Amino acid sequence: MRGIAYNLRGKHVALSHGQLMFKFMMLFRRPVDLVSFENSYNDLLALVERMPDVQRRQVINVLGSPAGKSPYYRILEVYFEDRKTMEASMLTPAGQEAGGQMMTFPAGLFEMIFAEVYEEAGGTTSVNTDEP
């Protein structure tokens, strides 16, 4: 998929390779009751798996941060082709059930954010070695 991304200065740049996607992220803080959290979280995952048009899901178990302890315990990322597709998926019965399940977690335990994601294969940038 071609799309628009942003460079480091916040300017739009055209994409010729890679893929632009949209994701919904749920960032969970460390719960007081781990057993209760894991039960509710597994129920949430089962509901998210039934949502239509999900491109992929990522479960991230946070181990720490460069500063030591992280305020986050787990992050769930749910990817869609674009924002419109995500919004339509959230309005389906499965999406509404998943949203209802989010409300069973204690207040203040999680944050939800949306993000555009540009993915590209590889991980290297070629370097011109001909310059002095």
# chains A, B, ... in the order shown; residues from 1 in each chain; ligands from 1
>>> residues_around(residues="A:Leu44", least_positions_apart="2", cutoff="12 Å", atoms="only C-alpha atoms", output="count of residues only")
28
>>> residues_around(residues="A:Lys84", least_positions_apart="5", cutoff="10 Å", atoms="only C-alpha atoms", output="list in words")
Phe22, Ser89 and Met90 of chain A
>>> select_by_dssp(residues="stretch 17-82 of chain A", states="strand (DSSP E)", output="ChimeraX atom specification")
/A:19-29,56-61,72-80
>>> residues_around(residues="A:Val54", least_positions_apart="2", cutoff="6 Å", atoms="only C-alpha atoms", output="ChimeraX atom specification")
/A:52,56,79-80
>>> residues_around(residues="A:Asp82", least_positions_apart="5", cutoff="9 Å", atoms="only C-alpha atoms", output="PyMOL selection string")
chain A and resi 20-23+87+116
>>> write_last_selection(atoms="N, CA, C and O atoms", output="PDB file, in the first residue's frame")
ATOM      1  N   LEU A  20       1.836   1.374   5.009  1.00  0.00           N
ATOM      2  CA  LEU A  20       1.291   2.261   6.018  1.00  0.00           C
ATOM      3  C   LEU A  20       0.050   1.594   6.590  1.00  0.00           C
ATOM      4  O   LEU A  20      -0.835   1.174   5.848  1.00  0.00           O
ATOM      5  N   MET A  21       0.011   1.438   7.893  1.00  0.00           N
ATOM      6  CA  MET A  21      -1.118   0.792   8.558  1.00  0.00           C
ATOM      7  C   MET A  21      -1.575   1.701   9.700  1.00  0.00           C
ATOM      8  O   MET A  21      -0.953   2.715   9.989  1.00  0.00           O
ATOM      9  N   PHE A  22      -2.645   1.288  10.344  1.00  0.00           N
ATOM     10  CA  PHE A  22      -3.190   2.031  11.473  1.00  0.00           C
ATOM     11  C   PHE A  22      -3.320   1.063  12.631  1.00  0.00           C
ATOM     12  O   PHE A  22      -3.724  -0.083  12.431  1.00  0.00           O
ATOM     13  N   LYS A  23      -2.966   1.487  13.826  1.00  0.00           N
ATOM     14  CA  LYS A  23      -3.088   0.571  14.949  1.00  0.00           C
ATOM     15  C   LYS A  23      -3.733   1.232  16.148  1.00  0.00           C
ATOM     16  O   LYS A  23      -3.661   2.444  16.339  1.00  0.00           O
ATOM     17  N   GLU A  87     -12.292   1.819  12.639  1.00  0.00           N
ATOM     18  CA  GLU A  87     -13.525   2.351  13.210  1.00  0.00           C
ATOM     19  C   GLU A  87     -14.717   1.463  12.878  1.00  0.00           C
ATOM     20  O   GLU A  87     -15.578   1.215  13.733  1.00  0.00           O
ATOM     21  N   GLU A 116      -0.557   5.861  13.370  1.00  0.00           N
ATOM     22  CA  GLU A 116      -0.206   5.418  12.026  1.00  0.00           C
ATOM     23  C   GLU A 116       1.143   4.747  12.119  1.00  0.00           C
ATOM     24  O   GLU A 116       2.020   5.222  12.843  1.00  0.00           O
TER      25      GLU A 116
END
>>> select_by_dssp(residues="stretch 49-116 of chain A", states="alpha helix (DSSP H)", output="short mmCIF file (atom, residue, chain, number, x, y, z; two decimals) with N, CA and C atoms, in the first residue's frame")
data_model
loop_
_atom_site.label_atom_id
_atom_site.label_comp_id
_atom_site.auth_asym_id
_atom_site.auth_seq_id
_atom_site.Cartn_x
_atom_site.Cartn_y
_atom_site.Cartn_z
N GLU A 49 -9.88 -11.23 18.84
CA GLU A 49 -9.67 -12.20 17.76
C GLU A 49 -10.91 -12.37 16.88
N ARG A 83 -7.57 3.79 9.29
CA ARG A 83 -8.42 4.23 10.41
C ARG A 83 -9.89 3.91 10.15
N LYS A 84 -10.34 4.11 8.93
CA LYS A 84 -11.74 3.85 8.57
C LYS A 84 -12.09 2.38 8.83
N THR A 85 -11.20 1.48 8.47
CA THR A 85 -11.42 0.05 8.69
C THR A 85 -11.45 -0.26 10.18
N MET A 86 -10.56 0.37 10.95
CA MET A 86 -10.54 0.16 12.40
C MET A 86 -11.86 0.63 13.02
N GLU A 87 -12.29 1.82 12.64
CA GLU A 87 -13.53 2.35 13.21
C GLU A 87 -14.72 1.46 12.88
N ALA A 88 -14.78 0.95 11.64
CA ALA A 88 -15.87 0.05 11.25
C ALA A 88 -15.81 -1.24 12.06
N SER A 89 -14.61 -1.76 12.28
CA SER A 89 -14.45 -2.99 13.05
C SER A 89 -14.90 -2.80 14.49
N MET A 90 -14.60 -1.64 15.05
CA MET A 90 -14.98 -1.35 16.43
C MET A 90 -16.49 -1.22 16.61
N PRO A 93 -20.58 -6.00 16.33
CA PRO A 93 -20.88 -6.62 17.62
C PRO A 93 -19.63 -7.10 18.36
N ALA A 94 -18.68 -7.72 17.65
CA ALA A 94 -17.44 -8.19 18.29
C ALA A 94 -16.62 -7.02 18.81
N GLY A 95 -16.55 -5.93 18.04
CA GLY A 95 -15.82 -4.75 18.48
C GLY A 95 -16.46 -4.11 19.71
N GLN A 96 -17.78 -4.08 19.73
CA GLN A 96 -18.50 -3.53 20.87
C GLN A 96 -18.30 -4.39 22.12
N GLU A 97 -18.28 -5.71 21.92
CA GLU A 97 -18.02 -6.62 23.06
C GLU A 97 -16.62 -6.40 23.61
N ALA A 98 -15.64 -6.25 22.70
CA ALA A 98 -14.26 -6.01 23.15
C ALA A 98 -14.17 -4.69 23.91
N GLY A 99 -14.86 -3.66 23.42
CA GLY A 99 -14.88 -2.38 24.12
C GLY A 99 -15.52 -2.50 25.49
N GLY A 100 -16.57 -3.30 25.58
CA GLY A 100 -17.20 -3.54 26.87
C GLY A 100 -16.27 -4.26 27.84
N GLN A 101 -15.49 -5.19 27.31
CA GLN A 101 -14.54 -5.92 28.15
C GLN A 101 -13.46 -4.98 28.68
N MET A 102 -13.06 -3.99 27.90
CA MET A 102 -12.06 -3.02 28.37
C MET A 102 -12.58 -2.29 29.61
#
>>> closest_atom_pairs(of="stretch 8-65 of chain A", to="stretch 107-115 of chain A", cutoff="8 Å", atoms="only C-alpha atoms", output="CSV")
residue,atom,partner,partner_atom,distance
A:Phe22,CA,A:Ala115,CA,5.8
A:Lys23,CA,A:Ala115,CA,5.3
A:Phe24,CA,A:Phe114,CA,4.7
A:Met25,CA,A:Ile113,CA,5.3
A:Met26,CA,A:Met112,CA,4.6
A:Leu27,CA,A:Glu111,CA,5.2
A:Phe28,CA,A:Phe110,CA,4.3
A:Arg29,CA,A:Leu109,CA,5.3
A:Arg30,CA,A:Leu109,CA,7.5
A:Pro31,CA,A:Leu109,CA,6.9
>>> atom_distance(atom1="atom CA of A:Asp33", atom2="atom CA of A:Arg74")
14.0 Å
>>> atom_distance(atom1="atom CA of A:Arg57", atom2="atom CA of A:Glu77")
5.6 Å
>>> decode(residues="stretch 33-45 of chain A", atoms="N, CA and C atoms", output="short mmCIF file (atom, residue, chain, number, x, y, z; two decimals), in the first residue's frame")
data_model
loop_
_atom_site.label_atom_id
_atom_site.label_comp_id
_atom_site.auth_asym_id
_atom_site.auth_seq_id
_atom_site.Cartn_x
_atom_site.Cartn_y
_atom_site.Cartn_z
N ASP A 33 -3.81 -7.09 41.19
CA ASP A 33 -4.25 -8.50 41.21
C ASP A 33 -3.94 -9.13 39.85
N LEU A 34 -2.78 -9.81 39.76
CA LEU A 34 -2.35 -10.40 38.49
C LEU A 34 -3.30 -11.47 37.98
N VAL A 35 -3.83 -12.31 38.85
CA VAL A 35 -4.73 -13.39 38.42
C VAL A 35 -5.99 -12.82 37.80
N SER A 36 -6.60 -11.85 38.44
CA SER A 36 -7.80 -11.21 37.92
C SER A 36 -7.49 -10.51 36.59
N PHE A 37 -6.35 -9.82 36.53
CA PHE A 37 -5.96 -9.15 35.29
C PHE A 37 -5.82 -10.14 34.15
N GLU A 38 -5.07 -11.23 34.38
CA GLU A 38 -4.84 -12.20 33.30
C GLU A 38 -6.15 -12.82 32.82
N ASN A 39 -7.08 -13.08 33.73
CA ASN A 39 -8.38 -13.62 33.32
C ASN A 39 -9.13 -12.63 32.43
N SER A 40 -9.19 -11.37 32.85
CA SER A 40 -9.87 -10.34 32.05
C SER A 40 -9.14 -10.10 30.73
N TYR A 41 -7.81 -10.12 30.78
CA TYR A 41 -7.02 -9.88 29.57
C TYR A 41 -7.24 -11.00 28.56
N ASN A 42 -7.26 -12.26 29.01
CA ASN A 42 -7.50 -13.38 28.10
C ASN A 42 -8.90 -13.30 27.50
N ASP A 43 -9.89 -12.86 28.27
CA ASP A 43 -11.23 -12.65 27.73
C ASP A 43 -11.20 -11.57 26.64
N LEU A 44 -10.45 -10.50 26.90
CA LEU A 44 -10.31 -9.43 25.91
C LEU A 44 -9.67 -9.94 24.63
N LEU A 45 -8.59 -10.71 24.75
CA LEU A 45 -7.93 -11.25 23.55
C LEU A 45 -8.87 -12.11 22.72
#
